[in-house]
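Visitor: CSV, C-alpha atoms, saved as input-v4.csv, coming up:
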```csv
chain,number,residue,atom,x,y,z
Z,30,MET,CA,7.8,63.4,-73.1
Z,31,GLY,CA,9.8,60.6,-71.5
Z,32,ILE,CA,13.6,60.4,-72.0
Z,33,ASP,CA,16.0,57.6,-71.3
Z,34,PRO,CA,19.3,59.3,-71.3
Z,35,GLY,CA,22.4,57.8,-72.8
Z,36,LEU,CA,25.5,59.1,-74.5
Z,37,ARG,CA,25.4,56.5,-77.3
Z,38,ASN,CA,21.6,56.1,-77.4
Z,39,THR,CA,19.1,58.6,-75.9
Z,40,GLY,CA,15.6,57.1,-76.1
Z,41,TRP,CA,12.6,59.4,-76.3
Z,42,GLY,CA,8.8,58.7,-76.2
Z,43,LEU,CA,5.9,61.0,-76.4
Z,44,ILE,CA,2.4,60.3,-75.0
Z,45,GLU,CA,-0.6,62.4,-74.1
Z,46,SER,CA,-2.5,61.8,-70.9
Z,47,LEU,CA,-6.3,62.2,-71.2
Z,48,GLN,CA,-8.7,61.2,-68.4
Z,49,ASN,CA,-6.5,58.4,-66.9
Z,50,LYS,CA,-5.6,57.1,-70.3
Z,51,GLU,CA,-2.3,57.3,-72.0
Z,52,ILE,CA,-2.3,57.9,-75.8
Z,53,TYR,CA,0.8,57.2,-77.8
Z,54,ILE,CA,2.1,60.0,-80.1
Z,55,SER,CA,5.7,59.1,-81.1
Z,56,HIS,CA,9.0,57.6,-80.1
Z,57,GLY,CA,12.5,57.1,-81.2
Z,58,VAL,CA,16.2,57.1,-80.4
Z,59,ILE,CA,18.9,59.8,-80.8
Z,60,LYS,CA,22.1,57.9,-81.7
Z,61,THR,CA,25.6,59.3,-81.5
Z,62,ASP,CA,28.8,57.9,-83.0
Z,63,TYR,CA,31.1,56.7,-80.2
Z,64,LYS,CA,34.0,57.6,-82.5
Z,65,ASN,CA,33.2,61.3,-82.2
Z,66,ASP,CA,34.5,63.6,-79.4
Z,67,LEU,CA,32.3,63.9,-76.4
Z,68,GLY,CA,31.5,67.6,-77.2
Z,69,ILE,CA,30.3,66.6,-80.7
Z,70,ARG,CA,28.1,63.9,-79.3
Z,71,LEU,CA,26.6,66.1,-76.6
Z,72,LYS,CA,25.9,68.8,-79.2
Z,73,SER,CA,24.1,66.2,-81.4
Z,74,ILE,CA,21.9,65.2,-78.5
Z,75,PHE,CA,21.2,68.8,-77.7
Z,76,GLU,CA,20.2,69.8,-81.3
Z,77,LYS,CA,18.0,66.7,-81.8
Z,78,LEU,CA,16.2,67.2,-78.5
Z,79,ILE,CA,15.6,70.9,-79.3
Z,80,ASN,CA,14.2,69.8,-82.7
Z,81,LEU,CA,11.9,67.2,-81.0
Z,82,VAL,CA,10.7,69.8,-78.4
Z,83,ASP,CA,10.0,72.3,-81.2
Z,84,LYS,CA,8.1,69.7,-83.2
Z,85,PHE,CA,6.0,68.2,-80.4
Z,86,ASN,CA,5.9,71.0,-77.8
Z,87,PRO,CA,5.6,68.8,-74.7
Z,88,ASN,CA,4.4,70.4,-71.5
Z,89,CYS,CA,6.7,68.3,-69.3
Z,90,ILE,CA,9.7,66.1,-69.5
Z,91,ALA,CA,10.2,62.9,-67.4
Z,92,VAL,CA,13.7,61.5,-67.2
Z,93,GLU,CA,15.1,58.5,-65.5
Z,94,LYS,CA,17.3,59.2,-62.4
Z,95,ILE,CA,20.9,58.3,-62.6
Z,96,PHE,CA,22.1,55.2,-61.0
Z,97,SER,CA,25.7,54.3,-60.1
Z,98,ASN,CA,27.3,52.0,-62.6
Z,99,THR,CA,30.3,49.8,-61.5
Z,100,ASN,CA,32.3,52.0,-63.9
Z,101,PRO,CA,32.5,55.6,-62.6
Z,102,GLU,CA,33.4,57.0,-66.0
Z,103,SER,CA,30.2,55.6,-67.5
Z,104,THR,CA,28.2,57.2,-64.7
Z,105,LEU,CA,29.9,60.6,-65.4
Z,106,LYS,CA,29.1,60.3,-69.2
Z,107,LEU,CA,25.5,59.5,-68.4
Z,108,GLY,CA,25.4,62.5,-66.2
Z,109,LYS,CA,26.6,64.7,-69.0
Z,110,ALA,CA,23.8,63.4,-71.3
Z,111,ARG,CA,21.3,64.1,-68.5
Z,112,GLY,CA,22.7,67.6,-68.2
Z,113,ILE,CA,21.8,68.2,-71.9
Z,114,ILE,CA,18.2,67.1,-71.2
Z,115,PHE,CA,17.9,69.6,-68.3
Z,116,LEU,CA,19.5,72.4,-70.4
Z,117,VAL,CA,17.0,71.8,-73.2
Z,118,ALA,CA,14.1,71.8,-70.7
Z,119,ALA,CA,15.4,75.1,-69.1
Z,120,ILE,CA,15.8,76.8,-72.4
Z,121,LYS,CA,12.3,75.8,-73.4
Z,122,ASN,CA,10.8,76.5,-70.0
Z,123,ILE,CA,9.6,72.9,-69.5
Z,124,ASP,CA,9.3,71.3,-66.1
Z,125,VAL,CA,11.4,68.1,-65.5
Z,126,SER,CA,10.3,65.2,-63.3
Z,127,GLU,CA,12.8,62.5,-62.3
Z,128,TYR,CA,11.9,58.9,-61.5
Z,129,SER,CA,14.2,56.1,-60.3
Z,130,PRO,CA,14.4,53.0,-62.5
Z,131,ASN,CA,12.6,51.0,-59.7
Z,132,THR,CA,9.8,53.5,-59.6
Z,133,VAL,CA,9.3,53.3,-63.3
Z,134,LYS,CA,9.3,49.5,-63.2
Z,135,LYS,CA,6.9,49.3,-60.2
Z,136,ASN,CA,4.4,51.7,-61.9
Z,137,LEU,CA,4.4,49.7,-65.1
Z,138,VAL,CA,4.9,46.1,-64.1
Z,139,GLY,CA,4.1,46.2,-60.4
Z,140,TYR,CA,7.6,45.0,-59.6
Z,141,GLY,CA,10.5,47.3,-58.9
Z,142,HIS,CA,13.1,44.8,-60.3
Z,143,ALA,CA,11.4,44.0,-63.6
Z,144,ASN,CA,13.7,43.2,-66.5
Z,145,LYS,CA,13.9,44.8,-69.9
Z,146,PHE,CA,11.7,42.1,-71.5
Z,147,GLN,CA,8.9,42.8,-68.9
Z,148,ILE,CA,9.1,46.5,-69.5
Z,149,ILE,CA,8.9,46.1,-73.3
Z,150,ASP,CA,6.1,43.6,-73.0
Z,151,MET,CA,4.1,46.0,-70.8
Z,152,ILE,CA,4.7,48.9,-73.2
Z,153,LYS,CA,3.4,46.7,-76.0
Z,154,ARG,CA,0.3,45.9,-74.0
Z,155,ILE,CA,-0.4,49.6,-73.2
Z,156,TYR,CA,0.3,50.9,-76.7
Z,157,THR,CA,-1.0,47.9,-78.7
Z,158,ASP,CA,-0.5,49.4,-82.2
Z,159,VAL,CA,3.1,50.6,-81.6
Z,160,GLU,CA,6.2,48.8,-82.9
Z,161,ILE,CA,9.0,48.8,-80.3
Z,162,GLU,CA,12.3,48.0,-81.9
Z,163,ASP,CA,14.7,48.9,-79.1
Z,164,ASP,CA,15.2,49.1,-75.3
Z,165,ASP,CA,15.9,52.8,-75.3
Z,166,SER,CA,12.7,54.1,-76.7
Z,167,ALA,CA,10.7,51.5,-74.7
Z,168,ASP,CA,12.4,52.8,-71.6
Z,169,ALA,CA,11.5,56.4,-72.6
Z,170,LEU,CA,7.9,55.5,-73.2
Z,171,ALA,CA,7.9,53.7,-69.8
Z,172,VAL,CA,9.2,56.9,-68.1
Z,173,ALA,CA,6.6,59.0,-69.8
Z,174,THR,CA,3.8,56.5,-68.8
Z,175,CYS,CA,5.1,56.4,-65.2
Z,176,HIS,CA,5.0,60.2,-65.1
Z,177,SER,CA,1.4,60.2,-66.4
Z,178,MET,CA,0.4,57.6,-63.8
Z,179,GLN,CA,2.1,59.6,-61.0
Z,180,SER,CA,0.6,62.8,-62.1
Z,181,GLN,CA,-2.9,61.3,-62.3
Z,182,SER,CA,-2.5,59.8,-58.8
Z,183,LYS,CA,-1.5,63.3,-57.4
Z,184,ILE,CA,-4.5,64.9,-59.1
Z,185,THR,CA,-6.8,62.3,-57.7
Z,186,LYS,CA,-5.4,62.8,-54.2
Z,187,ILE,CA,-5.9,66.6,-54.5
Z,188,LEU,CA,-9.5,66.2,-55.7
Z,189,GLN,CA,-10.5,63.9,-52.8
```
When written as structure tokens, how does the structure in this file appear?
Guide:
Amino acid sequence: MGIDPGLRNTGWGLIESLQNKEIYISHGVIKTDYKNDLGIRLKSIFEKLINLVDKFNPNCIAVEKIFSNTNPESTLKLGKARGIIFLVAAIKNIDVSEYSPNTVKKNLVGYGHANKFQIIDMIKRIYTDVEIEDDDSADALAVATCHSMQSQSKITKILQ
């Protein structure tokens, strides 16, 4: 399960990795109302993530690493949303892997500074029958795919 953390929109994407092939399962966005208090928004993310984990039972969670925004307050809010992801993973005994945005982009597009359109285009090429309506779930699928690729390369290295 890949997760693109955000306080307003938390994207999620679920794939299965079978013999060097990624198979799409599902994706979506957890939306919170910016008018609500921070605690209410974090609780909403928590409850919806718990429900998704219960429904799909992922064996790992991949999440994008935090990067510093020009606005420190935005960075702190993003960190709180990421904390909820780690809490859900800990409660459900699921390993978490983190990837920098550049690593995700390089794995998918071959270029660490790819833009959103390039990421969405590559996700559409990998998962040809999937409708991608938003950046957040596309980013989550990209993180999940990156994790699958990284895991496969580690397995290949061990077997050689």
Visitor: May I ask for the distance between CA of Lys64 in chain Z and CA of Lys106 in chain Z, given in Å to one decimal place?
Guide: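 The value is 14.4 Å.
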Visitor: Quick check, in Å to one decimal: how far apart do CA of Asp66 in chain Z and CA of Thr39 in chain Z lie?
Guide: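 CA of Asp66 in chain Z sits 16.6 Å away from CA of Thr39 in chain Z.
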Visitor: Which residues of range 35-138 of chain Z come within 12 Å of range 147-156 of chain Z, and for each one, what is the closest pair of atoms and their distance in Å to one decimal, counting all atoms listed in the file, sorted by chain and residue number, as a Markdown table?
Guide:
```
| residue | atom | partner | partner_atom | distance |
| --- | --- | --- | --- | --- |
| Z:Gly42 | CA | Z:Ile152 | CA | 11.0 |
| Z:Leu43 | CA | Z:Tyr156 | CA | 11.6 |
| Z:Ile44 | CA | Z:Tyr156 | CA | 9.8 |
| Z:Glu45 | CA | Z:Tyr156 | CA | 11.8 |
| Z:Lys50 | CA | Z:Ile155 | CA | 9.6 |
| Z:Glu51 | CA | Z:Ile155 | CA | 8.0 |
| Z:Ile52 | CA | Z:Tyr156 | CA | 7.5 |
| Z:Tyr53 | CA | Z:Tyr156 | CA | 6.4 |
| Z:Ile54 | CA | Z:Tyr156 | CA | 9.9 |
| Z:Ser55 | CA | Z:Tyr156 | CA | 10.8 |
| Z:His56 | CA | Z:Tyr156 | CA | 11.5 |
| Z:Pro130 | CA | Z:Ile148 | CA | 10.9 |
| Z:Asn131 | CA | Z:Ile148 | CA | 11.3 |
| Z:Val133 | CA | Z:Ile148 | CA | 9.2 |
| Z:Lys134 | CA | Z:Ile148 | CA | 7.0 |
| Z:Lys135 | CA | Z:Ile148 | CA | 10.0 |
| Z:Asn136 | CA | Z:Ile148 | CA | 10.3 |
| Z:Leu137 | CA | Z:Met151 | CA | 6.8 |
| Z:Val138 | CA | Z:Met151 | CA | 6.7 |
```
Visitor: Within 7 Å of range 73-79 of chain Z, counting all atoms listed in the file, which residues qualify if same-chain residues fewer than 4 places away don't, as a PyMOL selection string?
Guide: chain Z and resi 59+69+83+113+117
Visitor: For the residues selected in the previous step, produce a file with C-alpha atoms as a PDB file, keeping the file's coordinate frame.
Guide:
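The file below, selection-v7.pdb, is the result:
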```
ATOM      1  CA  ILE Z  59      18.900  59.800 -80.800  1.00  0.00           C
ATOM      2  CA  ILE Z  69      30.300  66.600 -80.700  1.00  0.00           C
ATOM      3  CA  ASP Z  83      10.000  72.300 -81.200  1.00  0.00           C
ATOM      4  CA  ILE Z 113      21.800  68.200 -71.900  1.00  0.00           C
ATOM      5  CA  VAL Z 117      17.000  71.800 -73.200  1.00  0.00           C
TER       6      VAL Z 117
END
```
Visitor: Would you pick out the contacts of Phe115 in chain Z at 12 Å or less, using all atoms listed in the file, so that residues sharing its chain but fewer than 4 positions from it are not included, and give the list as a list of chain:residue names?
Guide: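 Selected residues are Z:Ile32, Z:Pro34, Z:Ile74, Z:Phe75, Z:Leu78, Z:Ile79, Z:Cys89, Z:Ile90, Z:Ala91, Z:Val92, Z:Glu93, Z:Lys94, Z:Gly108, Z:Lys109, Z:Ala110, Z:Arg111, Z:Ala119, Z:Ile120, Z:Lys121, Z:Asn122, Z:Ile123, Z:Asp124, Z:Val125, Z:Ser126, Z:Glu127.
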Visitor: Report, in Å to a single decimal, how far apart CA of Gln48 in chain Z and CA of Ile114 in chain Z are.
Guide: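 Straight-line distance from CA of Ile114 in chain Z to CA of Gln48 in chain Z works out to 27.7 Å.
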Visitor: Which residue is closest to Asp168 in chain Z? Choose from Z:Asn88, Z:Asn38, Z:Thr61, Z:Ser103 and count only C-alpha atoms.
Guide: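 For Asp168 in chain Z, the nearest of the given residues is Z:Asn38.
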Visitor: Skip Ala173 in chain Z itself and residues of its chain fewer than 3 positions away, then list as a list in words all residues within 6 Å of it, counting all atoms listed in the file.
Guide: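 Within the cut-off, the hits are Met30, Gly31, Ala91, Leu170 and His176 of chain Z.
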Visitor: Between Z:Leu116, Z:Gly68, Z:Lys60, Z:Leu36, which residue has the minimum interatomic distance to Glu102 in chain Z, considering all atoms listed in the file?
Guide: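 Ranking Z:Leu116, Z:Gly68, Z:Lys60, Z:Leu36 by distance to Glu102 in chain Z, first place goes to Z:Leu36.
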Visitor: Can you work out which one of Z:Tyr140, Z:Phe146, Z:Glu160, Z:Asn86 has the shortest atom-to-atom distance to Gly57 in chain Z, counting all atoms listed in the file?
Guide: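 Smallest separation from Gly57 in chain Z among the options: Z:Glu160.
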Visitor: Compare Z:Ser46, Z:Pro87, Z:Lys145, Z:Gln179 by their minimum atom-to-atom distance to Asp165 in chain Z, counting only C-alpha atoms, and give me the closest one.
Guide: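 Nearest to Asp165 in chain Z: Z:Lys145.
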Visitor: Choose the residue, out of Z:Thr99, Z:Cys175, Z:Arg37, Z:Ala167, that has the smallest atom-to-atom separation from Ser129 in chain Z; count all atoms listed in the file.
Guide: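 The closest residue to Ser129 in chain Z is Z:Cys175.
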